[in-house]
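Structure below is my_file_29.txt: compact mmCIF, C-alpha atoms (C1' of nucleotides).
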# COMPACT_ATOMS: atom_id res chain seq x y z
CA MET O 1 94.93 -167.68 60.73
CA GLU O 2 95.30 -169.03 57.25
CA LEU O 3 93.73 -166.91 54.51
CA ASP O 4 92.52 -168.49 51.31
CA GLU O 5 91.69 -166.74 48.06
CA THR O 6 88.05 -166.31 49.08
CA ASP O 7 89.07 -164.49 52.25
CA ARG O 8 91.39 -162.28 50.28
CA ALA O 9 88.68 -161.42 47.79
CA ILE O 10 86.38 -160.43 50.64
CA LEU O 11 89.13 -158.30 52.18
CA ARG O 12 89.74 -156.53 48.89
CA ILE O 13 86.08 -155.65 48.59
CA LEU O 14 85.71 -154.45 52.18
CA GLN O 15 88.91 -152.43 52.03
CA ALA O 16 87.56 -150.61 48.98
CA ASP O 17 84.06 -150.19 50.41
CA ALA O 18 83.34 -151.31 53.94
CA ARG O 19 79.60 -150.96 53.45
CA THR O 20 79.22 -153.29 50.52
CA PRO O 21 76.23 -155.50 51.41
CA PHE O 22 77.13 -159.12 52.09
CA SER O 23 74.63 -160.06 49.43
CA GLU O 24 76.63 -158.18 46.82
CA ILE O 25 79.95 -159.56 48.03
CA ALA O 26 78.35 -163.00 47.74
CA ARG O 27 77.30 -162.31 44.18
CA ARG O 28 80.75 -161.08 43.20
CA ILE O 29 82.65 -164.00 44.66
CA ASP O 30 79.94 -166.46 43.69
CA MET O 31 79.01 -167.74 47.13
CA SER O 32 75.99 -167.41 49.40
CA SER O 33 75.67 -164.43 51.70
CA ALA O 34 75.56 -166.80 54.65
CA THR O 35 79.09 -167.88 53.76
CA VAL O 36 80.23 -164.28 53.42
CA HIS O 37 78.67 -163.50 56.76
CA ASP O 38 80.47 -166.44 58.32
CA ARG O 39 83.82 -165.54 56.80
CA VAL O 40 83.66 -161.88 57.68
CA GLY O 41 82.86 -162.84 61.26
CA ARG O 42 85.90 -165.07 61.38
CA LEU O 43 88.13 -162.41 59.85
CA GLU O 44 86.94 -159.98 62.51
CA ASP O 45 87.40 -162.46 65.36
CA ALA O 46 90.90 -163.31 64.15
CA GLY O 47 91.77 -159.61 64.11
CA VAL O 48 92.49 -159.59 60.39
CA ILE O 49 89.81 -156.93 60.07
CA GLU O 50 90.51 -154.41 62.82
CA GLY O 51 87.58 -152.16 62.13
CA TYR O 52 85.56 -150.14 59.65
CA HIS O 53 86.11 -146.43 59.32
CA ALA O 54 84.53 -143.61 57.38
CA LYS O 55 87.20 -141.59 55.59
CA VAL O 56 86.57 -137.91 56.06
CA ASP O 57 88.04 -135.24 53.78
CA PRO O 58 90.27 -133.22 56.12
CA ARG O 59 89.73 -129.99 54.15
CA LYS O 60 85.98 -130.27 54.43
CA VAL O 61 86.14 -130.36 58.22
CA GLY O 62 88.55 -127.51 58.66
CA TYR O 63 91.98 -129.09 58.40
CA GLY O 64 93.75 -127.14 55.70
CA THR O 65 97.24 -128.27 56.64
CA SER O 66 98.87 -131.59 57.29
CA ALA O 67 102.47 -132.45 58.06
CA LEU O 68 104.89 -135.23 58.81
CA VAL O 69 107.06 -134.38 61.77
CA GLY O 70 110.36 -135.99 62.67
CA LEU O 71 111.20 -135.91 66.37
CA ARG O 72 114.29 -136.52 68.45
CA VAL O 73 113.58 -137.47 72.04
CA GLU O 74 116.06 -137.46 74.95
CA GLN O 75 117.21 -140.94 75.94
CA GLY O 76 115.11 -142.42 78.70
CA ARG O 77 112.23 -140.01 78.16
CA GLU O 78 110.60 -141.90 75.33
CA GLU O 79 107.69 -143.29 77.32
CA ASN O 80 106.68 -139.95 78.69
CA ALA O 81 106.92 -138.27 75.30
CA LEU O 82 104.84 -140.91 73.53
CA GLU O 83 102.15 -140.67 76.15
CA ARG O 84 101.96 -136.92 75.71
CA LEU O 85 101.98 -137.02 71.91
CA ARG O 86 99.00 -139.35 71.81
CA GLU O 87 96.89 -136.75 73.56
CA ILE O 88 97.62 -133.83 71.26
CA ASP O 89 94.61 -132.93 69.14
CA GLY O 90 95.39 -133.37 65.47
CA VAL O 91 98.12 -135.99 65.94
CA THR O 92 96.78 -139.06 64.17
CA GLU O 93 99.89 -141.26 63.96
CA VAL O 94 102.92 -141.81 66.18
CA HIS O 95 105.58 -144.15 64.81
CA LEU O 96 108.93 -145.19 66.26
CA THR O 97 111.47 -145.20 63.46
CA THR O 98 115.04 -145.96 62.58
CA GLY O 99 117.22 -143.34 60.96
CA GLU O 100 117.46 -139.64 61.56
CA TRP O 101 114.38 -139.44 63.78
CA ASP O 102 113.23 -141.41 66.80
CA VAL O 103 109.58 -140.66 66.25
CA MET O 104 107.56 -139.67 63.21
CA LEU O 105 104.18 -137.98 63.60
CA ARG O 106 101.35 -137.33 61.24
CA VAL O 107 99.53 -134.17 62.25
CA TYR O 108 96.55 -132.19 60.97
CA ALA O 109 95.93 -128.52 61.71
CA GLU O 110 93.51 -125.85 60.62
CA ASP O 111 96.19 -123.80 58.86
CA THR O 112 99.90 -123.08 59.07
CA ASP O 113 99.36 -120.78 62.04
CA ALA O 114 97.63 -123.53 63.94
CA LEU O 115 100.41 -125.94 62.94
CA ARG O 116 103.00 -123.54 64.31
CA ASP O 117 101.10 -123.27 67.58
CA LEU O 118 100.80 -127.03 67.78
CA MET O 119 104.52 -127.46 67.21
CA PHE O 120 105.78 -124.60 69.42
CA ASP O 121 103.27 -124.79 72.25
CA GLU O 122 102.59 -128.49 72.45
CA VAL O 123 105.27 -130.62 70.82
CA ALA O 124 108.34 -128.49 71.59
CA GLU O 125 107.18 -127.92 75.18
CA MET O 126 106.90 -131.63 75.81
CA GLU O 127 109.11 -133.34 78.42
CA GLY O 128 112.03 -135.03 76.75
CA PHE O 129 111.76 -133.06 73.52
CA ALA O 130 115.15 -132.63 71.85
CA ARG O 131 114.50 -131.35 68.31
CA SER O 132 112.12 -131.71 65.41
CA GLN O 133 111.73 -131.16 61.72
CA THR O 134 108.37 -130.41 60.18
CA MET O 135 107.68 -131.62 56.66
CA VAL O 136 104.58 -129.79 55.54
CA ILE O 137 102.51 -131.80 53.09
CA LEU O 138 102.00 -129.57 50.06
CA GLY O 139 99.88 -132.13 48.32
CA THR O 140 98.99 -135.77 48.45
CA ASP O 141 99.43 -137.44 45.12
CA PHE O 142 98.16 -140.80 46.20
CA GLU O 143 96.64 -142.23 49.37
CA ASP O 144 94.85 -145.53 49.30
CA PRO O 145 94.36 -147.21 52.64
CA SER O 146 93.95 -150.58 50.93
CA LEU O 147 96.72 -153.10 51.32
CA PRO O 148 97.22 -155.43 48.36
CA VAL O 149 96.02 -158.80 49.66
CA MET R 150 79.10 -127.18 53.01
CA GLU R 151 78.34 -125.97 56.49
CA LEU R 152 78.53 -128.63 59.20
CA ASP R 153 76.49 -128.34 62.37
CA GLU R 154 76.99 -130.21 65.60
CA THR R 155 74.64 -133.00 64.47
CA ASP R 156 76.72 -133.60 61.34
CA ARG R 157 79.88 -133.65 63.43
CA ALA R 158 78.40 -136.15 65.85
CA ILE R 159 77.48 -138.42 62.95
CA LEU R 160 80.99 -138.08 61.51
CA ARG R 161 82.57 -138.99 64.83
CA ILE R 162 80.47 -142.13 65.05
CA LEU R 163 81.13 -143.23 61.46
CA GLN R 164 84.84 -142.53 61.73
CA ALA R 165 85.01 -144.80 64.75
CA ASP R 166 82.78 -147.48 63.23
CA ALA R 167 81.58 -147.13 59.67
CA ARG R 168 79.08 -149.95 60.07
CA THR R 169 77.13 -148.54 62.97
CA PRO R 170 73.47 -148.96 61.97
CA PHE R 171 71.65 -145.70 61.28
CA SER R 172 69.13 -146.74 63.89
CA GLU R 173 71.82 -146.75 66.55
CA ILE R 174 73.33 -143.48 65.39
CA ALA R 175 69.82 -142.05 65.60
CA ARG R 176 69.41 -143.32 69.14
CA ARG R 177 72.75 -141.90 70.21
CA ILE R 178 72.20 -138.43 68.79
CA ASP R 179 68.49 -138.50 69.67
CA MET R 180 67.06 -138.15 66.16
CA SER R 181 65.11 -140.39 63.82
CA SER R 182 66.98 -142.78 61.56
CA ALA R 183 65.38 -141.12 58.54
CA THR R 184 67.19 -137.92 59.52
CA VAL R 185 70.45 -139.78 59.94
CA HIS R 186 69.95 -141.38 56.54
CA ASP R 187 69.31 -137.99 55.01
CA ARG R 188 72.33 -136.37 56.64
CA VAL R 189 74.74 -139.17 55.80
CA GLY R 190 73.61 -138.96 52.18
CA ARG R 191 74.30 -135.25 52.12
CA LEU R 192 77.69 -135.69 53.77
CA GLU R 193 78.56 -138.25 51.11
CA ASP R 194 77.31 -136.08 48.24
CA ALA R 195 79.25 -133.09 49.54
CA GLY R 196 82.41 -135.19 49.65
CA VAL R 197 82.82 -134.76 53.40
CA ILE R 198 82.66 -138.53 53.66
CA GLU R 199 84.98 -139.86 50.98
CA GLY R 200 84.34 -143.52 51.59
CA TYR R 201 84.18 -146.40 54.02
CA HIS R 202 87.10 -148.75 54.42
CA ALA R 203 87.82 -151.90 56.36
CA LYS R 204 91.07 -151.57 58.25
CA VAL R 205 93.15 -154.70 57.81
CA ASP R 206 95.97 -155.64 60.17
CA PRO R 207 99.06 -155.57 57.94
CA ARG R 208 100.82 -158.31 59.92
CA LYS R 209 97.90 -160.67 59.52
CA VAL R 210 98.07 -160.44 55.74
CA GLY R 211 101.80 -160.86 55.42
CA TYR R 212 103.21 -157.34 55.76
CA GLY R 213 105.74 -157.59 58.56
CA THR R 214 107.54 -154.37 57.70
CA SER R 215 106.49 -150.81 57.07
CA ALA R 216 108.53 -147.70 56.42
CA LEU R 217 108.41 -144.02 55.71
CA VAL R 218 110.67 -143.13 52.83
CA GLY R 219 112.01 -139.68 52.02
CA LEU R 220 112.78 -139.11 48.34
CA ARG R 221 114.69 -136.54 46.35
CA VAL R 222 113.61 -136.28 42.74
CA GLU R 223 115.50 -134.54 39.92
CA GLN R 224 114.00 -131.22 38.94
CA GLY R 225 111.53 -131.50 36.10
CA ARG R 226 111.09 -135.25 36.57
CA GLU R 227 108.51 -135.04 39.33
CA GLU R 228 105.49 -135.99 37.22
CA ASN R 229 107.08 -139.08 35.86
CA ALA R 230 108.31 -140.19 39.26
CA LEU R 231 104.93 -139.71 40.92
CA GLU R 232 103.22 -141.70 38.23
CA ARG R 233 105.63 -144.55 38.70
CA LEU R 234 105.45 -144.54 42.51
CA ARG R 235 101.70 -144.87 42.48
CA GLU R 236 101.99 -148.20 40.70
CA ILE R 237 104.45 -149.85 43.06
CA ASP R 238 102.81 -152.59 45.09
CA GLY R 239 102.96 -151.79 48.77
CA VAL R 240 103.17 -148.01 48.36
CA THR R 241 100.04 -146.71 50.06
CA GLU R 242 100.80 -142.98 50.33
CA VAL R 243 102.70 -140.48 48.20
CA HIS R 244 103.00 -136.96 49.63
CA LEU R 245 104.79 -133.90 48.27
CA THR R 246 106.54 -132.18 51.14
CA THR R 247 108.61 -129.18 52.13
CA GLY R 248 111.95 -129.64 53.83
CA GLU R 249 114.66 -132.18 53.30
CA TRP R 250 112.61 -134.39 50.99
CA ASP R 251 110.51 -133.71 47.92
CA VAL R 252 108.35 -136.77 48.36
CA MET R 253 107.45 -138.90 51.35
CA LEU R 254 106.16 -142.43 50.88
CA ARG R 255 104.47 -144.89 53.16
CA VAL R 256 105.34 -148.43 52.13
CA TYR R 257 104.48 -151.92 53.32
CA ALA R 258 106.56 -155.00 52.60
CA GLU R 259 106.59 -158.63 53.63
CA ASP R 260 109.88 -158.30 55.50
CA THR R 261 113.09 -156.29 55.42
CA ASP R 262 114.38 -158.30 52.46
CA ALA R 263 111.28 -157.43 50.47
CA LEU R 264 111.63 -153.80 51.54
CA ARG R 265 115.20 -153.77 50.30
CA ASP R 266 114.09 -155.21 46.96
CA LEU R 267 111.29 -152.67 46.71
CA MET R 268 113.71 -149.81 47.39
CA PHE R 269 116.64 -151.01 45.26
CA ASP R 270 114.77 -152.55 42.34
CA GLU R 271 111.75 -150.31 42.07
CA VAL R 272 112.21 -146.96 43.76
CA ALA R 273 115.92 -146.38 43.13
CA GLU R 274 115.57 -147.55 39.51
CA MET R 275 112.84 -145.03 38.81
CA GLU R 276 113.35 -142.25 36.27
CA GLY R 277 114.29 -139.04 38.02
CA PHE R 278 115.35 -140.71 41.25
CA ALA R 279 118.07 -138.75 43.04
CA ARG R 280 118.37 -140.16 46.57
CA SER R 281 116.29 -141.56 49.38
CA GLN R 282 116.25 -142.28 53.06
CA THR R 283 114.28 -145.15 54.52
CA MET R 284 112.85 -144.77 58.00
CA VAL R 285 111.80 -148.24 59.04
CA ILE R 286 108.86 -148.23 61.41
CA LEU R 287 109.91 -150.23 64.46
CA GLY R 288 106.55 -149.83 66.07
CA THR R 289 103.43 -147.78 65.89
CA ASP R 290 102.51 -146.31 69.22
CA PHE R 291 99.32 -144.72 68.04
CA GLU R 292 97.35 -144.67 64.82
CA ASP R 293 93.78 -143.49 64.76
CA PRO R 294 92.35 -142.63 61.37
CA SER R 295 89.71 -140.44 63.02
CA LEU R 296 90.05 -136.69 62.68
CA PRO R 297 88.73 -134.68 65.61
CA VAL R 298 85.58 -133.03 64.24
C1' DG K 299 82.51 -175.14 54.84
C1' DT K 300 78.63 -174.34 52.52
C1' DT K 301 73.78 -173.74 51.49
C1' DG K 302 68.71 -172.16 51.02
C1' DA K 303 65.10 -170.50 53.52
C1' DA K 304 62.96 -168.20 57.44
C1' DA K 305 63.10 -164.64 60.91
C1' DA K 306 64.84 -160.43 62.59
C1' DA K 307 66.73 -156.10 61.74
C1' DA K 308 68.20 -152.38 59.04
C1' DT K 309 67.89 -149.17 55.24
C1' DA K 310 65.48 -146.55 51.70
C1' DT K 311 61.46 -144.06 50.46
C1' DT K 312 57.39 -141.41 50.82
C1' DG K 313 54.34 -137.81 52.22
C1' DA K 314 53.28 -134.43 55.42
C1' DG K 315 54.22 -130.91 59.15
C1' DC L 316 64.98 -130.09 58.46
C1' DT L 317 62.58 -133.52 60.69
C1' DC L 318 59.45 -137.20 61.42
C1' DA L 319 56.37 -141.52 61.29
C1' DA L 320 54.93 -145.08 58.52
C1' DT L 321 55.76 -148.13 54.75
C1' DA L 322 58.29 -150.76 51.40
C1' DT L 323 62.41 -152.85 50.28
C1' DT L 324 66.74 -154.93 51.24
C1' DT L 325 70.03 -156.85 54.21
C1' DT L 326 71.69 -159.34 58.16
C1' DT L 327 71.40 -163.12 60.97
C1' DT L 328 70.19 -167.64 62.30
C1' DC L 329 69.61 -172.48 61.61
C1' DA L 330 68.58 -177.13 60.07
C1' DA L 331 70.57 -179.90 56.55
C1' DC L 332 74.12 -181.53 53.18

Rewrite the structure from the file as structure tokens, please.
Amino acid sequence: MELDETDRAILRILQADARTPFSEIARRIDMSSATVHDRVGRLEDAGVIEGYHAKVDPRKVGYGTSALVGLRVEQGREENALERLREIDGVTEVHLTTGEWDVMLRVYAEDTDALRDLMFDEVAEMEGFARSQTMVILGTDFEDPSLPV
Amino acid sequence: MELDETDRAILRILQADARTPFSEIARRIDMSSATVHDRVGRLEDAGVIEGYHAKVDPRKVGYGTSALVGLRVEQGREENALERLREIDGVTEVHLTTGEWDVMLRVYAEDTDALRDLMFDEVAEMEGFARSQTMVILGTDFEDPSLPV
DNA sequence: GTTGAAAAAATATTGAG
DNA sequence: CTCAATATTTTTTCAAC
């Protein structure tokens, strides 16, 4: 799908605030809301917009700790490991990467104790687990889910 | 702010789909939409809900490559470096971490050439830069922005 | 592709239990 | 805190350019 500047403007607005009324988007980009409605529908159908999600403050719902975890997995056991990782509560991202680690995880836990339990009892016990390194996130300086479009 | 099971149910729904009409949320949790409206407003005011964002498929808007980058920063230069990183186009996350790296970045780039340029011309040229390691994301097995609440 | 206008649906507000 | 009823606004549809 080819995106023109109007599509990009709509994407910028919806990335910043997914609940902006079409009528206001229309006003800002100087088109009718029927057009905005039409375009958003096409962006959704084309898979450019994958979804709309409320961003919840992890601390406010009991997740005091977050970490990035590098994982080494035994050769040939990757499939099994990935399947297991997906199911662990608090694991929100599983990426296959080049470099020192085969897999990088993003995990959330209540506190450092809970993170330790998650790592020792769930991740390290997993079939095919070789070794891991946990990078505890001490603070997040910047996190904007918006891609520049 | 204290969250009860009703609040959590609303959060689960809005994390999965931020544009679910209040009327449907109300139907699903068996309450009136006025109550849902009231609760969502309080969750927003309390900062539990930080915002609503459209999730855009990076590939569909020209970002073929993504990476996690570990950074070492010279002591005392952290502030300056963080400020600079925030401004680089394509950098969507900047975390301070324990372990091998001081800072972990999430970056998006058009392709590996653009990633190289971003790393060599922007990141490595930054004041206070010591060294870095780029973990190119070959694939994302799982990525769900929803926190279990 | 875009539009204005009508119809349908949703959200915001109010007042009371 | 919750609700029903009302007022307001938005979404959706559609004939027409």

Transformed chain O, reference chain R, full Cα set in order, as a short mmCIF file (atom, residue, chain, number, x, y, z; two decimals) with C-alpha atoms, in the coordinates of the input:
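Output below, filename result-v1.cif:
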data_model
loop_
_atom_site.label_atom_id
_atom_site.label_comp_id
_atom_site.auth_asym_id
_atom_site.auth_seq_id
_atom_site.Cartn_x
_atom_site.Cartn_y
_atom_site.Cartn_z
CA MET O 1 79.03 -127.15 53.07
CA GLU O 2 78.27 -125.96 56.54
CA LEU O 3 78.49 -128.61 59.26
CA ASP O 4 76.43 -128.33 62.40
CA GLU O 5 76.92 -130.22 65.64
CA THR O 6 74.59 -133.01 64.51
CA ASP O 7 76.68 -133.60 61.40
CA ARG O 8 79.82 -133.65 63.47
CA ALA O 9 78.36 -136.16 65.88
CA ILE O 10 77.45 -138.42 62.97
CA LEU O 11 80.96 -138.07 61.55
CA ARG O 12 82.51 -138.99 64.87
CA ILE O 13 80.44 -142.13 65.07
CA LEU O 14 81.10 -143.22 61.48
CA GLN O 15 84.81 -142.50 61.76
CA ALA O 16 84.98 -144.79 64.79
CA ASP O 17 82.76 -147.48 63.25
CA ALA O 18 81.58 -147.11 59.69
CA ARG O 19 79.08 -149.93 60.07
CA THR O 20 77.11 -148.52 62.95
CA PRO O 21 73.45 -148.95 61.94
CA PHE O 22 71.65 -145.68 61.25
CA SER O 23 69.10 -146.74 63.82
CA GLU O 24 71.77 -146.78 66.51
CA ILE O 25 73.28 -143.48 65.39
CA ALA O 26 69.75 -142.07 65.59
CA ARG O 27 69.35 -143.34 69.12
CA ARG O 28 72.67 -141.89 70.22
CA ILE O 29 72.10 -138.44 68.79
CA ASP O 30 68.41 -138.51 69.64
CA MET O 31 66.97 -138.17 66.16
CA SER O 32 65.06 -140.45 63.80
CA SER O 33 66.94 -142.81 61.53
CA ALA O 34 65.33 -141.12 58.55
CA THR O 35 67.14 -137.93 59.54
CA VAL O 36 70.42 -139.78 59.95
CA HIS O 37 69.92 -141.38 56.58
CA ASP O 38 69.27 -137.98 55.04
CA ARG O 39 72.28 -136.36 56.67
CA VAL O 40 74.70 -139.13 55.83
CA GLY O 41 73.57 -138.93 52.22
CA ARG O 42 74.26 -135.23 52.17
CA LEU O 43 77.66 -135.66 53.80
CA GLU O 44 78.54 -138.21 51.13
CA ASP O 45 77.26 -136.05 48.27
CA ALA O 46 79.19 -133.05 49.58
CA GLY O 47 82.36 -135.16 49.69
CA VAL O 48 82.78 -134.73 53.43
CA ILE O 49 82.64 -138.50 53.70
CA GLU O 50 84.96 -139.83 51.00
CA GLY O 51 84.34 -143.48 51.63
CA TYR O 52 84.17 -146.37 54.07
CA HIS O 53 87.10 -148.70 54.46
CA ALA O 54 87.82 -151.86 56.38
CA LYS O 55 91.09 -151.53 58.28
CA VAL O 56 93.16 -154.64 57.83
CA ASP O 57 95.99 -155.61 60.19
CA PRO O 58 99.07 -155.53 57.95
CA ARG O 59 100.83 -158.28 59.94
CA LYS O 60 97.91 -160.64 59.54
CA VAL O 61 98.08 -160.41 55.75
CA GLY O 62 101.80 -160.84 55.42
CA TYR O 63 103.21 -157.34 55.77
CA GLY O 64 105.75 -157.59 58.55
CA THR O 65 107.55 -154.36 57.71
CA SER O 66 106.49 -150.82 57.07
CA ALA O 67 108.55 -147.72 56.40
CA LEU O 68 108.43 -144.03 55.69
CA VAL O 69 110.69 -143.12 52.81
CA GLY O 70 112.02 -139.68 52.00
CA LEU O 71 112.80 -139.12 48.33
CA ARG O 72 114.70 -136.53 46.34
CA VAL O 73 113.65 -136.28 42.72
CA GLU O 74 115.55 -134.55 39.89
CA GLN O 75 114.04 -131.22 38.89
CA GLY O 76 111.58 -131.54 36.05
CA ARG O 77 111.12 -135.27 36.53
CA GLU O 78 108.55 -135.05 39.28
CA GLU O 79 105.54 -136.00 37.19
CA ASN O 80 107.13 -139.11 35.83
CA ALA O 81 108.35 -140.21 39.24
CA LEU O 82 104.97 -139.73 40.91
CA GLU O 83 103.26 -141.71 38.21
CA ARG O 84 105.67 -144.58 38.69
CA LEU O 85 105.50 -144.54 42.49
CA ARG O 86 101.73 -144.89 42.47
CA GLU O 87 102.02 -148.20 40.68
CA ILE O 88 104.48 -149.86 43.04
CA ASP O 89 102.84 -152.60 45.07
CA GLY O 90 102.99 -151.80 48.76
CA VAL O 91 103.20 -148.01 48.35
CA THR O 92 100.07 -146.71 50.04
CA GLU O 93 100.83 -142.98 50.32
CA VAL O 94 102.73 -140.48 48.19
CA HIS O 95 103.02 -136.97 49.61
CA LEU O 96 104.80 -133.90 48.26
CA THR O 97 106.55 -132.20 51.13
CA THR O 98 108.61 -129.21 52.12
CA GLY O 99 111.94 -129.65 53.84
CA GLU O 100 114.66 -132.18 53.29
CA TRP O 101 112.62 -134.40 50.98
CA ASP O 102 110.53 -133.71 47.90
CA VAL O 103 108.37 -136.76 48.34
CA MET O 104 107.48 -138.91 51.33
CA LEU O 105 106.18 -142.45 50.85
CA ARG O 106 104.49 -144.89 53.13
CA VAL O 107 105.36 -148.42 52.10
CA TYR O 108 104.50 -151.92 53.31
CA ALA O 109 106.59 -155.01 52.59
CA GLU O 110 106.61 -158.63 53.64
CA ASP O 111 109.91 -158.31 55.51
CA THR O 112 113.12 -156.30 55.42
CA ASP O 113 114.39 -158.31 52.47
CA ALA O 114 111.31 -157.46 50.48
CA LEU O 115 111.65 -153.81 51.54
CA ARG O 116 115.23 -153.77 50.28
CA ASP O 117 114.13 -155.23 46.95
CA LEU O 118 111.34 -152.69 46.70
CA MET O 119 113.74 -149.84 47.38
CA PHE O 120 116.69 -151.03 45.25
CA ASP O 121 114.81 -152.58 42.34
CA GLU O 122 111.79 -150.34 42.07
CA VAL O 123 112.24 -146.98 43.76
CA ALA O 124 115.96 -146.42 43.11
CA GLU O 125 115.61 -147.58 39.49
CA MET O 126 112.89 -145.06 38.81
CA GLU O 127 113.41 -142.27 36.25
CA GLY O 128 114.33 -139.06 37.99
CA PHE O 129 115.38 -140.72 41.24
CA ALA O 130 118.10 -138.74 43.02
CA ARG O 131 118.39 -140.16 46.55
CA SER O 132 116.32 -141.56 49.37
CA GLN O 133 116.29 -142.28 53.05
CA THR O 134 114.31 -145.14 54.49
CA MET O 135 112.87 -144.78 57.97
CA VAL O 136 111.83 -148.25 59.02
CA ILE O 137 108.87 -148.23 61.38
CA LEU O 138 109.93 -150.24 64.42
CA GLY O 139 106.58 -149.85 66.06
CA THR O 140 103.44 -147.80 65.86
CA ASP O 141 102.51 -146.33 69.18
CA PHE O 142 99.32 -144.73 68.02
CA GLU O 143 97.34 -144.69 64.78
CA ASP O 144 93.77 -143.51 64.76
CA PRO O 145 92.37 -142.57 61.38
CA SER O 146 89.71 -140.42 63.04
CA LEU O 147 90.02 -136.68 62.71
CA PRO O 148 88.70 -134.68 65.65
CA VAL O 149 85.56 -133.02 64.28
#

Problem - Residue hits in chain K, query chain R, radius 10 Å, all atoms listed in the file, as a ChimeraX atom specification - result: /K:307-311

Exercise for the section: Pick out the residues sitting within 6 Å of R:Ile286, and hand them over as JSON, numbers by chain; count all atoms listed in the file, and ignore anything fewer than 3 positions along from it in its own chain. Expected result: {"O": [96, 97], "R": [215, 216]}

Practice task
Please identify every residue of chain O that has at least one atom no more than 6 Å from any atom of chain R, counting only C-alpha atoms, and report them as an MDAnalysis selection string.
Solution key: chainID O and resid 14:18 48:57 60 92:99 135:144

Practice task
Find the residues around stretch 302-305 of chain K up to 10 Å (all atoms listed in the file counted), leave out those fewer than 5 positions away in its own chain, and share them as a PyMOL selection string.
Solution key: (chain O and resi 32+34) or (chain L and resi 327-331)

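Here atom C1' of K:DG299 is placed at a distance of 29.2 Å from atom CA of R:Glu259.
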
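Counting from atom CA of R:Glu227, the distance to atom CA of O:Gly64 is 23.4 Å.
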
Exercise for the section: With a distance cut-off of 10 Å and all atoms listed in the file, select the neighbouring residues of O:Val36, excluding the residue or stretch itself and same-chain residues fewer than 4 positions from it, and output the selection as a ChimeraX atom specification. Expected result: /O:6-7,10,21-27,29-32,40-42

Suppose we keep C-alpha atoms; can you now write the selection as a PDB file, in the frame of the given file?
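Dumped everything to again.pdb:
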ATOM      1  CA  THR O   6      88.050-166.310  49.080  1.00  0.00           C
ATOM      2  CA  ASP O   7      89.070-164.490  52.250  1.00  0.00           C
ATOM      3  CA  ILE O  10      86.380-160.430  50.640  1.00  0.00           C
ATOM      4  CA  PRO O  21      76.230-155.500  51.410  1.00  0.00           C
ATOM      5  CA  PHE O  22      77.130-159.120  52.090  1.00  0.00           C
ATOM      6  CA  SER O  23      74.630-160.060  49.430  1.00  0.00           C
ATOM      7  CA  GLU O  24      76.630-158.180  46.820  1.00  0.00           C
ATOM      8  CA  ILE O  25      79.950-159.560  48.030  1.00  0.00           C
ATOM      9  CA  ALA O  26      78.350-163.000  47.740  1.00  0.00           C
ATOM     10  CA  ARG O  27      77.300-162.310  44.180  1.00  0.00           C
ATOM     11  CA  ILE O  29      82.650-164.000  44.660  1.00  0.00           C
ATOM     12  CA  ASP O  30      79.940-166.460  43.690  1.00  0.00           C
ATOM     13  CA  MET O  31      79.010-167.740  47.130  1.00  0.00           C
ATOM     14  CA  SER O  32      75.990-167.410  49.400  1.00  0.00           C
ATOM     15  CA  VAL O  40      83.660-161.880  57.680  1.00  0.00           C
ATOM     16  CA  GLY O  41      82.860-162.840  61.260  1.00  0.00           C
ATOM     17  CA  ARG O  42      85.900-165.070  61.380  1.00  0.00           C
TER      18      ARG O  42
END

Write out as a Markdown table a residue-level contact list of chain L versus chain R with cut-off 10 Å: for each qualifying residue the closest pair of atoms and the distance in Å to one decimal, counting all atoms listed in the file, rows sorted by chain and residue number upward.
| residue | atom | partner | partner_atom | distance |
| --- | --- | --- | --- | --- |
| L:DC316 | C1' | R:Thr184 | CA | 8.2 |
| L:DT317 | C1' | R:Thr184 | CA | 6.5 |
| L:DC318 | C1' | R:Ser181 | CA | 6.9 |
| L:DA319 | C1' | R:Ser181 | CA | 9.2 |

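For the pair atom CA of O:Thr65 and atom CA of O:Asp121, the separation is 17.1 Å.
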